[in-house]
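Engineer: Structure: structure02.cif, mmCIF, N, CA and C atoms.
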```cif
data_upload
loop_
_atom_site.label_atom_id
_atom_site.label_comp_id
_atom_site.auth_asym_id
_atom_site.auth_seq_id
_atom_site.Cartn_x
_atom_site.Cartn_y
_atom_site.Cartn_z
N MET A 229 -21.79 -20.76 -3.62
CA MET A 229 -20.38 -21.05 -3.79
C MET A 229 -19.83 -20.43 -5.07
N GLN A 230 -20.68 -20.23 -6.07
CA GLN A 230 -20.20 -19.67 -7.33
C GLN A 230 -19.67 -18.24 -7.11
N GLY A 231 -20.34 -17.50 -6.25
CA GLY A 231 -19.89 -16.15 -5.95
C GLY A 231 -18.52 -16.14 -5.28
N LEU A 232 -18.29 -17.11 -4.41
CA LEU A 232 -17.00 -17.22 -3.73
C LEU A 232 -15.89 -17.55 -4.73
N ASN A 233 -16.19 -18.43 -5.68
CA ASN A 233 -15.19 -18.76 -6.70
C ASN A 233 -14.87 -17.55 -7.56
N LYS A 234 -15.88 -16.75 -7.91
CA LYS A 234 -15.65 -15.54 -8.70
C LYS A 234 -14.80 -14.55 -7.89
N PHE A 235 -15.09 -14.45 -6.61
CA PHE A 235 -14.33 -13.60 -5.70
C PHE A 235 -12.87 -14.02 -5.70
N ARG A 236 -12.61 -15.32 -5.60
CA ARG A 236 -11.25 -15.83 -5.59
C ARG A 236 -10.59 -15.63 -6.95
N ASP A 237 -11.29 -15.92 -8.04
CA ASP A 237 -10.72 -15.81 -9.38
C ASP A 237 -10.34 -14.37 -9.72
N ASN A 238 -11.10 -13.41 -9.25
CA ASN A 238 -10.78 -12.01 -9.49
C ASN A 238 -9.63 -11.52 -8.63
N GLY A 239 -9.27 -12.29 -7.61
CA GLY A 239 -8.17 -11.90 -6.74
C GLY A 239 -8.53 -10.80 -5.76
N ILE A 240 -9.83 -10.58 -5.57
CA ILE A 240 -10.25 -9.49 -4.69
C ILE A 240 -9.73 -9.72 -3.27
N HIS A 241 -9.70 -10.97 -2.84
CA HIS A 241 -9.23 -11.25 -1.49
C HIS A 241 -7.77 -10.83 -1.32
N GLY A 242 -6.98 -10.91 -2.39
CA GLY A 242 -5.59 -10.46 -2.33
C GLY A 242 -5.50 -8.95 -2.12
N TYR A 243 -6.37 -8.21 -2.80
CA TYR A 243 -6.39 -6.76 -2.63
C TYR A 243 -6.83 -6.37 -1.22
N ILE A 244 -7.83 -7.08 -0.70
CA ILE A 244 -8.29 -6.81 0.66
C ILE A 244 -7.17 -7.11 1.66
N PHE A 245 -6.51 -8.25 1.47
CA PHE A 245 -5.40 -8.63 2.34
C PHE A 245 -4.29 -7.59 2.29
N MET A 246 -3.88 -7.19 1.09
CA MET A 246 -2.77 -6.25 0.95
C MET A 246 -3.13 -4.88 1.53
N THR A 247 -4.34 -4.41 1.28
CA THR A 247 -4.76 -3.12 1.82
C THR A 247 -4.78 -3.16 3.35
N SER A 248 -5.28 -4.25 3.89
CA SER A 248 -5.32 -4.40 5.36
C SER A 248 -3.91 -4.43 5.94
N CYS A 249 -3.02 -5.17 5.30
CA CYS A 249 -1.62 -5.20 5.76
C CYS A 249 -1.00 -3.81 5.70
N GLY A 250 -1.29 -3.07 4.65
CA GLY A 250 -0.76 -1.72 4.52
C GLY A 250 -1.26 -0.79 5.61
N ILE A 251 -2.54 -0.88 5.92
CA ILE A 251 -3.10 -0.04 6.98
C ILE A 251 -2.46 -0.38 8.32
N LEU A 252 -2.31 -1.66 8.60
CA LEU A 252 -1.68 -2.07 9.87
C LEU A 252 -0.21 -1.66 9.92
N PHE A 253 0.50 -1.84 8.79
CA PHE A 253 1.90 -1.44 8.73
C PHE A 253 2.03 0.07 8.92
N GLY A 254 1.15 0.82 8.27
CA GLY A 254 1.17 2.27 8.40
C GLY A 254 0.93 2.71 9.84
N ALA A 255 -0.02 2.07 10.51
CA ALA A 255 -0.29 2.40 11.91
C ALA A 255 0.93 2.08 12.78
N PHE A 256 1.56 0.94 12.51
CA PHE A 256 2.75 0.55 13.27
C PHE A 256 3.88 1.57 13.08
N ILE A 257 4.14 1.96 11.84
CA ILE A 257 5.21 2.93 11.56
C ILE A 257 4.90 4.28 12.21
N GLU A 258 3.65 4.72 12.09
CA GLU A 258 3.25 5.99 12.72
C GLU A 258 3.47 5.93 14.24
N ALA A 259 3.03 4.84 14.86
CA ALA A 259 3.20 4.71 16.31
C ALA A 259 4.67 4.65 16.70
N LEU A 260 5.46 3.99 15.88
CA LEU A 260 6.88 3.83 16.17
C LEU A 260 7.64 5.16 16.08
N TYR A 261 7.39 5.91 15.01
CA TYR A 261 8.15 7.13 14.77
C TYR A 261 7.53 8.39 15.33
N HIS A 262 6.21 8.43 15.40
CA HIS A 262 5.55 9.67 15.83
C HIS A 262 4.82 9.52 17.17
N GLU A 263 4.83 8.31 17.71
CA GLU A 263 4.21 7.99 18.98
C GLU A 263 2.71 8.29 19.00
N ARG A 264 2.12 8.34 17.83
CA ARG A 264 0.68 8.47 17.68
C ARG A 264 0.32 7.91 16.31
N VAL A 265 -0.93 7.58 16.12
CA VAL A 265 -1.36 7.03 14.84
C VAL A 265 -2.32 8.01 14.18
N ILE A 266 -1.95 8.46 13.01
CA ILE A 266 -2.84 9.30 12.21
C ILE A 266 -3.54 8.37 11.24
N PHE A 267 -4.84 8.26 11.39
CA PHE A 267 -5.61 7.31 10.58
C PHE A 267 -5.39 7.53 9.09
N ALA A 268 -5.37 8.78 8.65
CA ALA A 268 -5.20 9.08 7.22
C ALA A 268 -3.86 8.54 6.71
N ALA A 269 -2.82 8.63 7.51
CA ALA A 269 -1.51 8.12 7.10
C ALA A 269 -1.55 6.61 6.97
N SER A 270 -2.28 5.95 7.85
CA SER A 270 -2.42 4.49 7.75
C SER A 270 -3.19 4.10 6.50
N VAL A 271 -4.22 4.85 6.20
CA VAL A 271 -5.01 4.58 4.99
C VAL A 271 -4.15 4.78 3.74
N ILE A 272 -3.32 5.81 3.74
CA ILE A 272 -2.42 6.05 2.61
C ILE A 272 -1.50 4.84 2.42
N MET A 273 -0.99 4.28 3.50
CA MET A 273 -0.13 3.10 3.39
C MET A 273 -0.92 1.92 2.85
N GLY A 274 -2.19 1.82 3.21
CA GLY A 274 -3.05 0.79 2.64
C GLY A 274 -3.19 0.96 1.14
N VAL A 275 -3.31 2.20 0.69
CA VAL A 275 -3.38 2.49 -0.75
C VAL A 275 -2.06 2.11 -1.42
N TYR A 276 -0.95 2.38 -0.77
CA TYR A 276 0.36 2.01 -1.32
C TYR A 276 0.44 0.50 -1.54
N PHE A 277 0.08 -0.25 -0.51
CA PHE A 277 0.14 -1.71 -0.62
C PHE A 277 -0.79 -2.21 -1.72
N PHE A 278 -1.98 -1.61 -1.81
CA PHE A 278 -2.93 -1.97 -2.86
C PHE A 278 -2.31 -1.72 -4.24
N MET A 279 -1.69 -0.54 -4.41
CA MET A 279 -1.08 -0.18 -5.69
C MET A 279 0.07 -1.12 -6.04
N ILE A 280 0.90 -1.43 -5.07
CA ILE A 280 2.02 -2.33 -5.32
C ILE A 280 1.50 -3.70 -5.74
N HIS A 281 0.44 -4.17 -5.07
CA HIS A 281 -0.16 -5.45 -5.43
C HIS A 281 -0.70 -5.41 -6.86
N ARG A 282 -1.35 -4.33 -7.22
CA ARG A 282 -1.91 -4.19 -8.58
C ARG A 282 -0.78 -4.18 -9.61
N ILE A 283 0.25 -3.43 -9.36
CA ILE A 283 1.38 -3.35 -10.28
C ILE A 283 2.08 -4.70 -10.36
N ASN A 284 2.25 -5.37 -9.22
CA ASN A 284 2.90 -6.68 -9.21
C ASN A 284 2.11 -7.69 -10.03
N ARG A 285 0.79 -7.66 -9.92
CA ARG A 285 -0.04 -8.59 -10.70
C ARG A 285 0.02 -8.27 -12.19
N ALA A 286 0.02 -6.98 -12.52
CA ALA A 286 0.02 -6.58 -13.93
C ALA A 286 1.37 -6.84 -14.61
N LEU A 287 2.44 -6.74 -13.85
CA LEU A 287 3.80 -6.85 -14.43
C LEU A 287 4.55 -8.06 -13.88
N LYS A 288 3.84 -9.15 -13.63
CA LYS A 288 4.45 -10.30 -12.96
C LYS A 288 5.63 -10.90 -13.72
N ASP A 289 5.74 -10.66 -15.02
CA ASP A 289 6.86 -11.21 -15.80
C ASP A 289 8.07 -10.28 -15.83
N GLU A 290 7.91 -9.09 -15.28
CA GLU A 290 9.03 -8.13 -15.24
C GLU A 290 9.93 -8.43 -14.04
N PRO A 291 11.20 -8.02 -14.12
CA PRO A 291 12.09 -8.21 -12.97
C PRO A 291 11.57 -7.44 -11.75
N ILE A 292 11.91 -7.93 -10.58
CA ILE A 292 11.40 -7.33 -9.35
C ILE A 292 11.82 -5.87 -9.20
N TYR A 293 13.03 -5.53 -9.60
CA TYR A 293 13.48 -4.14 -9.46
C TYR A 293 12.67 -3.20 -10.36
N THR A 294 12.22 -3.69 -11.52
CA THR A 294 11.37 -2.88 -12.39
C THR A 294 10.02 -2.64 -11.73
N ARG A 295 9.44 -3.70 -11.15
CA ARG A 295 8.16 -3.56 -10.46
C ARG A 295 8.30 -2.61 -9.26
N ALA A 296 9.42 -2.71 -8.55
CA ALA A 296 9.65 -1.83 -7.39
C ALA A 296 9.79 -0.38 -7.84
N LEU A 297 10.49 -0.15 -8.93
CA LEU A 297 10.69 1.21 -9.43
C LEU A 297 9.37 1.81 -9.91
N ILE A 298 8.59 1.06 -10.66
CA ILE A 298 7.29 1.54 -11.13
C ILE A 298 6.37 1.80 -9.94
N SER A 299 6.40 0.90 -8.96
CA SER A 299 5.59 1.09 -7.75
C SER A 299 6.00 2.38 -7.03
N THR A 300 7.29 2.64 -6.96
CA THR A 300 7.78 3.84 -6.30
C THR A 300 7.29 5.09 -7.00
N PHE A 301 7.34 5.12 -8.33
CA PHE A 301 6.85 6.28 -9.07
C PHE A 301 5.34 6.47 -8.85
N ALA A 302 4.59 5.38 -8.86
CA ALA A 302 3.14 5.48 -8.66
C ALA A 302 2.82 5.98 -7.25
N ILE A 303 3.50 5.43 -6.27
CA ILE A 303 3.26 5.82 -4.88
C ILE A 303 3.65 7.27 -4.66
N THR A 304 4.76 7.69 -5.24
CA THR A 304 5.22 9.06 -5.08
C THR A 304 4.22 10.03 -5.72
N ALA A 305 3.65 9.65 -6.85
CA ALA A 305 2.63 10.49 -7.49
C ALA A 305 1.40 10.62 -6.59
N VAL A 306 0.97 9.51 -5.99
CA VAL A 306 -0.18 9.56 -5.08
C VAL A 306 0.15 10.43 -3.87
N GLU A 307 1.35 10.27 -3.35
CA GLU A 307 1.75 11.06 -2.19
C GLU A 307 1.77 12.55 -2.52
N LEU A 308 2.22 12.91 -3.71
CA LEU A 308 2.22 14.31 -4.12
C LEU A 308 0.80 14.85 -4.20
N VAL A 309 -0.08 14.13 -4.86
CA VAL A 309 -1.47 14.59 -5.01
C VAL A 309 -2.16 14.66 -3.64
N PHE A 310 -2.03 13.59 -2.85
CA PHE A 310 -2.66 13.57 -1.52
C PHE A 310 -2.08 14.67 -0.65
N GLY A 311 -0.77 14.88 -0.73
CA GLY A 311 -0.12 15.93 0.06
C GLY A 311 -0.60 17.32 -0.32
N ILE A 312 -0.74 17.57 -1.59
CA ILE A 312 -1.24 18.88 -2.03
C ILE A 312 -2.65 19.11 -1.51
N ILE A 313 -3.49 18.07 -1.62
CA ILE A 313 -4.88 18.22 -1.16
C ILE A 313 -4.95 18.40 0.36
N THR A 314 -4.29 17.51 1.11
CA THR A 314 -4.43 17.56 2.57
C THR A 314 -3.57 18.64 3.22
N ASN A 315 -2.36 18.82 2.74
CA ASN A 315 -1.45 19.75 3.40
C ASN A 315 -1.57 21.18 2.89
N ARG A 316 -1.75 21.32 1.59
CA ARG A 316 -1.80 22.67 1.01
C ARG A 316 -3.22 23.23 0.94
N VAL A 317 -4.16 22.42 0.49
CA VAL A 317 -5.53 22.91 0.31
C VAL A 317 -6.30 22.87 1.63
N MET A 318 -6.25 21.73 2.33
CA MET A 318 -7.02 21.57 3.56
C MET A 318 -6.25 22.02 4.80
N HIS A 319 -4.97 22.33 4.67
CA HIS A 319 -4.11 22.82 5.75
C HIS A 319 -4.06 21.87 6.96
N LEU A 320 -4.02 20.56 6.69
CA LEU A 320 -3.95 19.58 7.77
C LEU A 320 -2.52 19.31 8.22
N HIS A 321 -1.55 19.59 7.39
CA HIS A 321 -0.13 19.48 7.72
C HIS A 321 0.27 18.10 8.27
N PHE A 322 -0.04 17.06 7.50
CA PHE A 322 0.37 15.71 7.88
C PHE A 322 1.87 15.55 7.78
N TRP A 323 2.49 16.12 6.76
CA TRP A 323 3.93 16.05 6.61
C TRP A 323 4.43 17.27 5.86
N ASP A 324 5.73 17.53 5.99
CA ASP A 324 6.35 18.66 5.32
C ASP A 324 7.81 18.31 5.08
N PHE A 325 8.17 18.18 3.81
CA PHE A 325 9.54 17.86 3.44
C PHE A 325 10.27 19.09 2.89
N SER A 326 9.82 20.27 3.28
CA SER A 326 10.41 21.51 2.77
C SER A 326 11.88 21.65 3.12
N ASP A 327 12.31 21.00 4.18
CA ASP A 327 13.72 21.11 4.58
C ASP A 327 14.61 20.07 3.88
N SER A 328 14.00 19.19 3.09
CA SER A 328 14.76 18.17 2.37
C SER A 328 15.25 18.71 1.02
N LEU A 329 16.39 18.19 0.59
CA LEU A 329 16.92 18.59 -0.71
C LEU A 329 16.02 18.09 -1.83
N PHE A 330 15.85 18.90 -2.84
CA PHE A 330 15.11 18.56 -4.05
C PHE A 330 13.65 18.18 -3.79
N HIS A 331 13.05 18.75 -2.75
CA HIS A 331 11.64 18.48 -2.47
C HIS A 331 10.76 19.13 -3.55
N VAL A 332 9.56 18.64 -3.69
CA VAL A 332 8.58 19.22 -4.60
C VAL A 332 7.41 19.71 -3.76
N LEU A 333 7.28 21.02 -3.66
CA LEU A 333 6.23 21.67 -2.88
C LEU A 333 6.19 21.21 -1.42
N GLY A 334 7.27 20.65 -0.94
CA GLY A 334 7.33 20.15 0.43
C GLY A 334 6.56 18.86 0.64
N GLN A 335 6.06 18.26 -0.43
CA GLN A 335 5.20 17.08 -0.30
C GLN A 335 5.92 15.78 -0.60
N ILE A 336 6.90 15.80 -1.47
CA ILE A 336 7.70 14.61 -1.79
C ILE A 336 9.16 15.01 -1.85
N CYS A 337 10.02 14.02 -1.65
CA CYS A 337 11.45 14.26 -1.74
C CYS A 337 12.14 12.95 -2.09
N PRO A 338 13.33 13.02 -2.65
CA PRO A 338 14.05 11.81 -3.05
C PRO A 338 14.31 10.83 -1.90
N ARG A 339 14.61 11.33 -0.71
CA ARG A 339 14.87 10.46 0.43
C ARG A 339 13.66 9.57 0.73
N GLU A 340 12.48 10.16 0.79
CA GLU A 340 11.27 9.40 1.09
C GLU A 340 10.92 8.45 -0.06
N SER A 341 11.17 8.87 -1.28
CA SER A 341 10.93 7.99 -2.43
C SER A 341 11.86 6.78 -2.38
N PHE A 342 13.11 7.00 -1.96
CA PHE A 342 14.04 5.87 -1.83
C PHE A 342 13.56 4.89 -0.76
N ILE A 343 13.05 5.42 0.35
CA ILE A 343 12.51 4.55 1.40
C ILE A 343 11.34 3.74 0.85
N ARG A 344 10.48 4.36 0.07
CA ARG A 344 9.35 3.66 -0.54
C ARG A 344 9.85 2.57 -1.51
N PHE A 345 10.93 2.85 -2.22
CA PHE A 345 11.53 1.88 -3.13
C PHE A 345 12.02 0.66 -2.37
N VAL A 346 12.69 0.88 -1.25
CA VAL A 346 13.20 -0.22 -0.43
C VAL A 346 12.04 -1.04 0.15
N ILE A 347 11.01 -0.35 0.62
CA ILE A 347 9.84 -1.04 1.19
C ILE A 347 9.10 -1.84 0.12
N ALA A 348 9.17 -1.41 -1.12
CA ALA A 348 8.43 -2.09 -2.20
C ALA A 348 8.87 -3.55 -2.37
N PHE A 349 10.12 -3.86 -2.13
CA PHE A 349 10.61 -5.23 -2.34
C PHE A 349 9.91 -6.25 -1.44
N PRO A 350 9.89 -6.06 -0.12
CA PRO A 350 9.16 -7.05 0.69
C PRO A 350 7.66 -7.03 0.42
N VAL A 351 7.11 -5.88 0.07
CA VAL A 351 5.68 -5.81 -0.22
C VAL A 351 5.36 -6.59 -1.50
N ILE A 352 6.25 -6.57 -2.47
CA ILE A 352 6.06 -7.35 -3.70
C ILE A 352 6.06 -8.84 -3.36
N TYR A 353 6.95 -9.27 -2.49
CA TYR A 353 6.96 -10.68 -2.08
C TYR A 353 5.68 -11.03 -1.32
N LEU A 354 5.22 -10.13 -0.47
CA LEU A 354 3.96 -10.34 0.24
C LEU A 354 2.80 -10.43 -0.75
N SER A 355 2.87 -9.64 -1.80
CA SER A 355 1.84 -9.63 -2.84
C SER A 355 1.72 -10.99 -3.53
N LYS A 356 2.86 -11.63 -3.74
CA LYS A 356 2.83 -12.97 -4.35
C LYS A 356 2.07 -13.95 -3.47
N PHE A 357 2.23 -13.81 -2.17
CA PHE A 357 1.54 -14.67 -1.21
C PHE A 357 0.04 -14.35 -1.15
N ALA A 358 -0.31 -13.08 -1.31
CA ALA A 358 -1.70 -12.63 -1.10
C ALA A 358 -2.69 -13.35 -2.01
N ASP A 359 -2.32 -13.60 -3.24
CA ASP A 359 -3.24 -14.26 -4.17
C ASP A 359 -3.37 -15.75 -3.92
N ARG A 360 -2.50 -16.30 -3.08
CA ARG A 360 -2.55 -17.73 -2.80
C ARG A 360 -3.29 -18.05 -1.51
N ILE A 361 -3.81 -17.04 -0.85
CA ILE A 361 -4.52 -17.27 0.40
C ILE A 361 -5.77 -18.07 0.10
N PRO A 362 -5.92 -19.22 0.73
CA PRO A 362 -7.12 -20.02 0.47
C PRO A 362 -8.34 -19.40 1.16
N ILE A 363 -9.45 -19.40 0.46
CA ILE A 363 -10.69 -18.97 1.08
C ILE A 363 -11.71 -20.08 0.89
N ARG A 364 -12.44 -20.31 1.93
CA ARG A 364 -13.42 -21.38 1.90
C ARG A 364 -14.61 -20.93 2.73
N ALA A 365 -15.78 -20.99 2.16
CA ALA A 365 -16.99 -20.62 2.88
C ALA A 365 -17.60 -21.86 3.51
N LEU A 366 -18.05 -21.71 4.72
CA LEU A 366 -18.72 -22.80 5.41
C LEU A 366 -20.23 -22.65 5.22
N SER A 367 -20.89 -23.75 5.02
CA SER A 367 -22.35 -23.74 4.95
C SER A 367 -22.92 -23.58 6.34
N ILE A 368 -24.16 -23.17 6.43
CA ILE A 368 -24.80 -23.03 7.72
C ILE A 368 -24.83 -24.40 8.42
N GLY A 369 -24.37 -24.42 9.63
CA GLY A 369 -24.34 -25.64 10.41
C GLY A 369 -23.07 -26.44 10.24
N GLU A 370 -22.24 -26.12 9.25
CA GLU A 370 -21.00 -26.85 9.03
C GLU A 370 -19.94 -26.30 9.99
N THR A 371 -19.12 -27.19 10.50
CA THR A 371 -18.03 -26.76 11.40
C THR A 371 -16.71 -26.84 10.67
N ASN A 372 -15.74 -26.19 11.21
CA ASN A 372 -14.43 -26.11 10.58
C ASN A 372 -13.48 -27.15 11.14
N GLY A 373 -13.96 -28.27 11.58
CA GLY A 373 -13.05 -29.23 12.19
C GLY A 373 -13.38 -30.58 11.81
#
```
Using the file provided, produce a representation of the structure as structure tokens.
Structural biologist:
Amino acid sequence: MQGLNKFRDNGIHGYIFMTSCGILFGAFIEALYHERVIFAASVIMGVYFFMIHRINRALKDEPIYTRALISTFAITAVELVFGIITNRVMHLHFWDFSDSLFHVLGQICPRESFIRFVIAFPVIYLSKFADRIPIRALSIGETNG
């Protein structure tokens, strides 16, 4: 039981929850807009949710718009790096924003960053819930009722 308490105290379960939610949300968005699911895009969304949760925990005393803005900058930086690696170096062509105004190497653009900013608000609220998820381990032979 001591290991479970350490697990809870470190908030690891919150990170697992947020990453899982991000992967599922990413798969849903991919299926909705592209009618297919690209696993890498879902994983990237899991990383976004993880990062937002980390930033939310670190800056919990800051106003929500500050946390959302910092999250947006962090996510956009990850998207730029991941995009350069996957789209430019590996030639996988997951996305291309070359037709958008003020794009950077076709990997990021202000429109997509604004969407990430808007999405950050509900994710920050979800993050507050993630650390409160109760976890309880059952002993061998113990039932949950």
Engineer: Choose the residue, out of A:Cys249, A:Ile292, A:Ala358, A:Val351, that has the smallest atom-to-atom separation from A:Gly274; count all atoms listed in the file.
Structural biologist: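 With all atoms listed in the file as the atom set, the closest residue is A:Cys249.
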Engineer: Written as an MDAnalysis selection string, what is the full residue list that the PyMOL selection byres (((chain A and resi 337-346 and name CA) around 12) and name CA) yields on the file shown?
Structural biologist: chainID A and resid 273 276:277 280 292:308 311 323:336 347:352
Engineer: With distances taken over only C-alpha atoms, which residue among A:Leu287, A:Ile313, A:Ile272, A:Met279 lies nearest A:Ile251?
Structural biologist: A:Ile272
Engineer: So how many Å separate atom CA of A:Met246 and atom CA of A:Arg316, to one decimal?
Structural biologist: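 Interatomic distance here is 28.9 Å.
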Engineer: Pick the closest to A:Ile240 from A:His262, A:Arg360, A:His321, A:Lys288: which is it, counting only C-alpha atoms?
Structural biologist: A:Arg360
Engineer: Atom CA of A:Val271 to atom CA of A:Gly242: how many Å, to one decimal?
Structural biologist: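 Calculated distance between atom CA of A:Val271 and atom CA of A:Gly242 is 16.7 Å.
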Engineer: Could you state which residues are captured by the PyMOL selection byres ((chain A and resi 269) around 8) in this file, as a VMD selection string?
Structural biologist: chain A and resid 250 to 251 253 to 255 258 265 to 268 270 to 275 322
Engineer: Please compute the atom CA of A:Pro362-atom CA of A:Phe256 distance, one decimal, in Å.
Structural biologist: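 A separation of 26.2 Å between them.
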Engineer: Report the residues of chain A whose backbone DSSP state falls under helix (DSSP H, G or I), written as a VMD selection string.
Structural biologist: chain A and resid 230 to 238 240 to 262 267 to 286 292 to 317 338 to 358
Engineer: When you write stretch 282-321 of chain A out from the block above, keep C-alpha atoms and present the result as an mmCIF file, in the first residue's frame, please.
Structural biologist:
```cif
data_model
loop_
_atom_site.group_PDB
_atom_site.id
_atom_site.type_symbol
_atom_site.label_atom_id
_atom_site.label_comp_id
_atom_site.auth_asym_id
_atom_site.auth_seq_id
_atom_site.Cartn_x
_atom_site.Cartn_y
_atom_site.Cartn_z
ATOM 1 C CA ARG A 282 2.124 19.735 -15.952
ATOM 2 C CA ILE A 283 1.880 23.477 -16.566
ATOM 3 C CA ASN A 284 -1.426 23.669 -14.684
ATOM 4 C CA ARG A 285 0.097 21.928 -11.656
ATOM 5 C CA ALA A 286 3.226 24.096 -11.724
ATOM 6 C CA LEU A 287 1.343 27.392 -12.130
ATOM 7 C CA LYS A 288 -1.814 26.650 -10.144
ATOM 8 C CA ASP A 289 -1.787 30.120 -8.524
ATOM 9 C CA GLU A 290 -1.666 31.925 -11.878
ATOM 10 C CA PRO A 291 -4.842 33.067 -13.667
ATOM 11 C CA ILE A 292 -6.309 30.520 -16.056
ATOM 12 C CA TYR A 293 -5.646 32.657 -19.140
ATOM 13 C CA THR A 294 -1.940 32.805 -18.219
ATOM 14 C CA ARG A 295 -1.805 29.018 -17.886
ATOM 15 C CA ALA A 296 -3.651 28.656 -21.203
ATOM 16 C CA LEU A 297 -1.267 31.045 -22.955
ATOM 17 C CA ILE A 298 1.858 29.337 -21.589
ATOM 18 C CA SER A 299 0.362 25.955 -22.518
ATOM 19 C CA THR A 300 -0.278 27.215 -26.044
ATOM 20 C CA PHE A 301 3.329 28.366 -26.468
ATOM 21 C CA ALA A 302 4.648 25.043 -25.136
ATOM 22 C CA ILE A 303 2.340 22.995 -27.345
ATOM 23 C CA THR A 304 3.152 25.085 -30.404
ATOM 24 C CA ALA A 305 6.882 24.574 -29.780
ATOM 25 C CA VAL A 306 6.352 20.797 -29.563
ATOM 26 C CA GLU A 307 4.261 20.868 -32.712
ATOM 27 C CA LEU A 308 6.995 22.761 -34.555
ATOM 28 C CA VAL A 309 9.726 20.330 -33.484
ATOM 29 C CA PHE A 310 7.581 17.236 -34.105
ATOM 30 C CA GLY A 311 6.456 18.648 -37.458
ATOM 31 C CA ILE A 312 10.002 19.325 -38.605
ATOM 32 C CA ILE A 313 11.061 15.803 -37.643
ATOM 33 C CA THR A 314 8.065 13.924 -39.070
ATOM 34 C CA ASN A 315 7.095 16.115 -42.008
ATOM 35 C CA ARG A 316 10.399 17.576 -43.153
ATOM 36 C CA VAL A 317 13.004 15.008 -42.134
ATOM 37 C CA MET A 318 11.003 11.755 -42.302
ATOM 38 C CA HIS A 319 8.686 12.991 -45.123
ATOM 39 C CA LEU A 320 5.555 11.549 -43.474
ATOM 40 C CA HIS A 321 3.454 14.648 -44.257
#
```
